[in-house]
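Asker: Can you read through this structure? Questions will come right after.
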Amino acid sequence: MYAVKQVSTLTGVSEATLRVWERRYGIVQPARSPGGYRQYDDDQVATLRAMAALVHDGVPASIAARTLLGSDVRPRVATAGTDGASFDLVSAATLLDPGLIHAVLADAFAASTFDVVVDCWLPSELKRLGEAWEGGSLTVAQEHFASAAVTRHLAARFEDVPPQGGAPVLVGLPQGGRHEVMLMAFAACLRREGVNAIYLGADVPLGDWSMVASEVGARVAVLGVHLDADVSPAQAVVDELSALRPPVTVRVGGRNRHLIRGARQLEDRVSQAAAAIARDLRAGAA
Ligand code: B12
């Protein structure tokens, strides 16, 4: 167990801030010694270190806490005209209210940087959406309503940045794959990094990948690999593109990416993954 002073040294966060994070966000709940002093365990120190790193990267403390605490915490996105009530993506989906979902998205993107929204807020909201759907409190139609609104919003952000030429990067899902939202967010990040992202979207047939790569002269492709059922179609795309001469380098993102052979794995945070590709392209190493 660690005392608050030791935790402050270990995390680089002042004792006062540690107490504020605990009181305001419930980020950790340290035990108390018989004398009433806070006592932190290793897991709690690790959580506070992660929180400190996010805040250091410019993530607002409230969003950092939400990200680390996962979907248990209801993100509050205030919307205009709702008498101060706080709404979120799941509430907007439940109500099937187009004006509200538009406001929730506009507010979320206005409240923070694009990167923070797509790296922190959006994944946590999508997970909550999944839990509500899985738990039966949201119908398929309500989930579709929300996913489609988010995808449209992200697509608009993609279109906001005109294509700038340069080495094309193909972005899509393998045959059968339909979990497109974070891929769209990733493609918008790529565009914002100045990369010539060619967005192919969901369920791209195997044969089309090499055809498109040859057509546009792409040397890099990015695939999202989510469900177990996506693994084998994704592997087939990687095998086919790597066999082209010259080969197309494939990068993979999504929760099942580690099951793919012959492709480099991208990290979870889509903005960071896009930045890494942009860096590699600039260095000629993609
Ligand atoms: C929206 C949604 C759908 C929508 C997708 C609409 C769309 N346009 O995208 C629709 C309705 C089509 C759908 C269908 C299905 N879905 Co669905 N879906 C979801 C939901 C709610 C959100 C998906 C999402 O965007 N997740 C993205 C983020 C939040 O999670 P993540 O996958 O862990 O991704 C992280 C990283 O990997 C990274 N990332 C993701 N993609 C990429 C890509 C790149 C390039 C990079 C760098 C990073 C990156 O971002 C996240 C950051 O932490 C999830 C719930 C959930 N927990 O994810 C279920 C979920 C993924 N779906 C699920 C299921 C079962 C299905 C169906 C099989 C249901 C059915 N019976 O038909 C089908 C399969 C469709 C298919 N063939 O692909 C399950 C999967 C369970 C499992 N472990 O395999 C989930 C988890 C829901 C649940 N709890 O049951 N789904």
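By convention here, the chains of the structure tokens are called A, B, ... in the order presented, each chain's residues are numbered starting at 1, and ligands are numbered starting at 1 in the order presented.
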Kindly provide, as a PyMOL selection string, all nucleotide and amino acid residues lying within 7 Å of ligand 1, counting only C-alpha atoms and all ligand atoms.

Answerer: chain A and resi 119+122-124+126-127+129-131+134+140+143-144+147-148+151+176-183+186+222-224+226-228+252-255+266-270+273

Asker: Skip region 204-219 of chain A itself and residues of its chain fewer than 4 positions away, then list as a ChimeraX atom specification all residues within 12 Å of it, counting only C-alpha atoms.

Answerer: /A:165-178,180,196-200,223-224,230,232-251,281,284-286

Asker: Per DSSP on the backbone, what are the alpha helix (DSSP H) residues of region 46-245 of chain A, as a PyMOL selection string?

Answerer: chain A and resi 46-56+61-69+89-95+98-111+114-116+122-134+140-160+181-192+206-216+228-243

Asker: Near Pro162 (chain A), counting only C-alpha atoms, which residues have an atom at most 12 Å away, once you skip same-chain residues fewer than 4 positions from it, shown as number ranges by chain?

Answerer: A: 156-158, 188, 190-198

Asker: Compile the contact shell of region 5-18 of chain A as an mmCIF file with all heavy atoms, in the first residue's frame: residues with an atom at most 7 Å away, counting only C-alpha atoms, same-chain residues fewer than 4 positions apart removed.

Answerer:
data_model
loop_
_atom_site.group_PDB
_atom_site.id
_atom_site.type_symbol
_atom_site.label_atom_id
_atom_site.label_comp_id
_atom_site.auth_asym_id
_atom_site.auth_seq_id
_atom_site.Cartn_x
_atom_site.Cartn_y
_atom_site.Cartn_z
ATOM 1 N N GLU A 22 -10.278 12.147 -7.061
ATOM 2 C CA GLU A 22 -11.042 11.133 -6.305
ATOM 3 C C GLU A 22 -12.449 11.645 -5.987
ATOM 4 O O GLU A 22 -13.443 10.952 -6.216
ATOM 5 C CB GLU A 22 -10.278 10.832 -5.010
ATOM 6 C CG GLU A 22 -10.987 9.872 -4.081
ATOM 7 C CD GLU A 22 -10.259 9.797 -2.729
ATOM 8 O OE1 GLU A 22 -9.012 9.894 -2.703
ATOM 9 O OE2 GLU A 22 -10.957 9.676 -1.715
ATOM 10 N N VAL A 45 -2.665 2.937 -8.227
ATOM 11 C CA VAL A 45 -1.551 3.779 -8.682
ATOM 12 C C VAL A 45 -1.465 3.715 -10.207
ATOM 13 O O VAL A 45 -1.273 4.741 -10.881
ATOM 14 C CB VAL A 45 -0.222 3.335 -8.025
ATOM 15 C CG1 VAL A 45 0.951 4.099 -8.624
ATOM 16 C CG2 VAL A 45 -0.283 3.549 -6.522
ATOM 17 N N LEU A 48 -4.103 5.899 -11.690
ATOM 18 C CA LEU A 48 -3.767 7.322 -11.557
ATOM 19 C C LEU A 48 -2.643 7.715 -12.510
ATOM 20 O O LEU A 48 -2.642 8.816 -13.058
ATOM 21 C CB LEU A 48 -3.379 7.622 -10.097
ATOM 22 C CG LEU A 48 -4.577 7.575 -9.143
ATOM 23 C CD1 LEU A 48 -4.124 7.494 -7.688
ATOM 24 C CD2 LEU A 48 -5.481 8.803 -9.344
ATOM 25 N N ARG A 49 -1.723 6.806 -12.744
ATOM 26 C CA ARG A 49 -0.654 7.082 -13.725
ATOM 27 C C ARG A 49 -1.264 7.266 -15.113
ATOM 28 O O ARG A 49 -0.885 8.167 -15.850
ATOM 29 C CB ARG A 49 0.312 5.899 -13.791
ATOM 30 C CG ARG A 49 1.438 5.979 -12.832
ATOM 31 C CD ARG A 49 2.640 5.237 -13.439
ATOM 32 N NE ARG A 49 3.787 5.363 -12.589
ATOM 33 C CZ ARG A 49 4.300 4.362 -11.883
ATOM 34 N NH1 ARG A 49 3.761 3.168 -11.942
ATOM 35 N NH2 ARG A 49 5.360 4.557 -11.139
ATOM 36 N N ALA A 52 -2.952 10.534 -15.314
ATOM 37 C CA ALA A 52 -1.965 11.615 -15.426
ATOM 38 C C ALA A 52 -1.445 11.715 -16.861
ATOM 39 O O ALA A 52 -1.276 12.811 -17.402
ATOM 40 C CB ALA A 52 -0.818 11.370 -14.454
#

Asker: Could you jot down the CA of Asp280 (chain A) to CA of Pro163 (chain A) separation for me, Å, one decimal place?

Answerer: 18.8 Å

Asker: Name the closest residue to Ala65 (chain A) among the candidates A:Val90, A:Asp115, A:Cys120, A:Tyr40; distances are taken between atoms, counting only C-alpha atoms.

Answerer: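 Smallest separation from Ala65 (chain A) among the options: A:Cys120.
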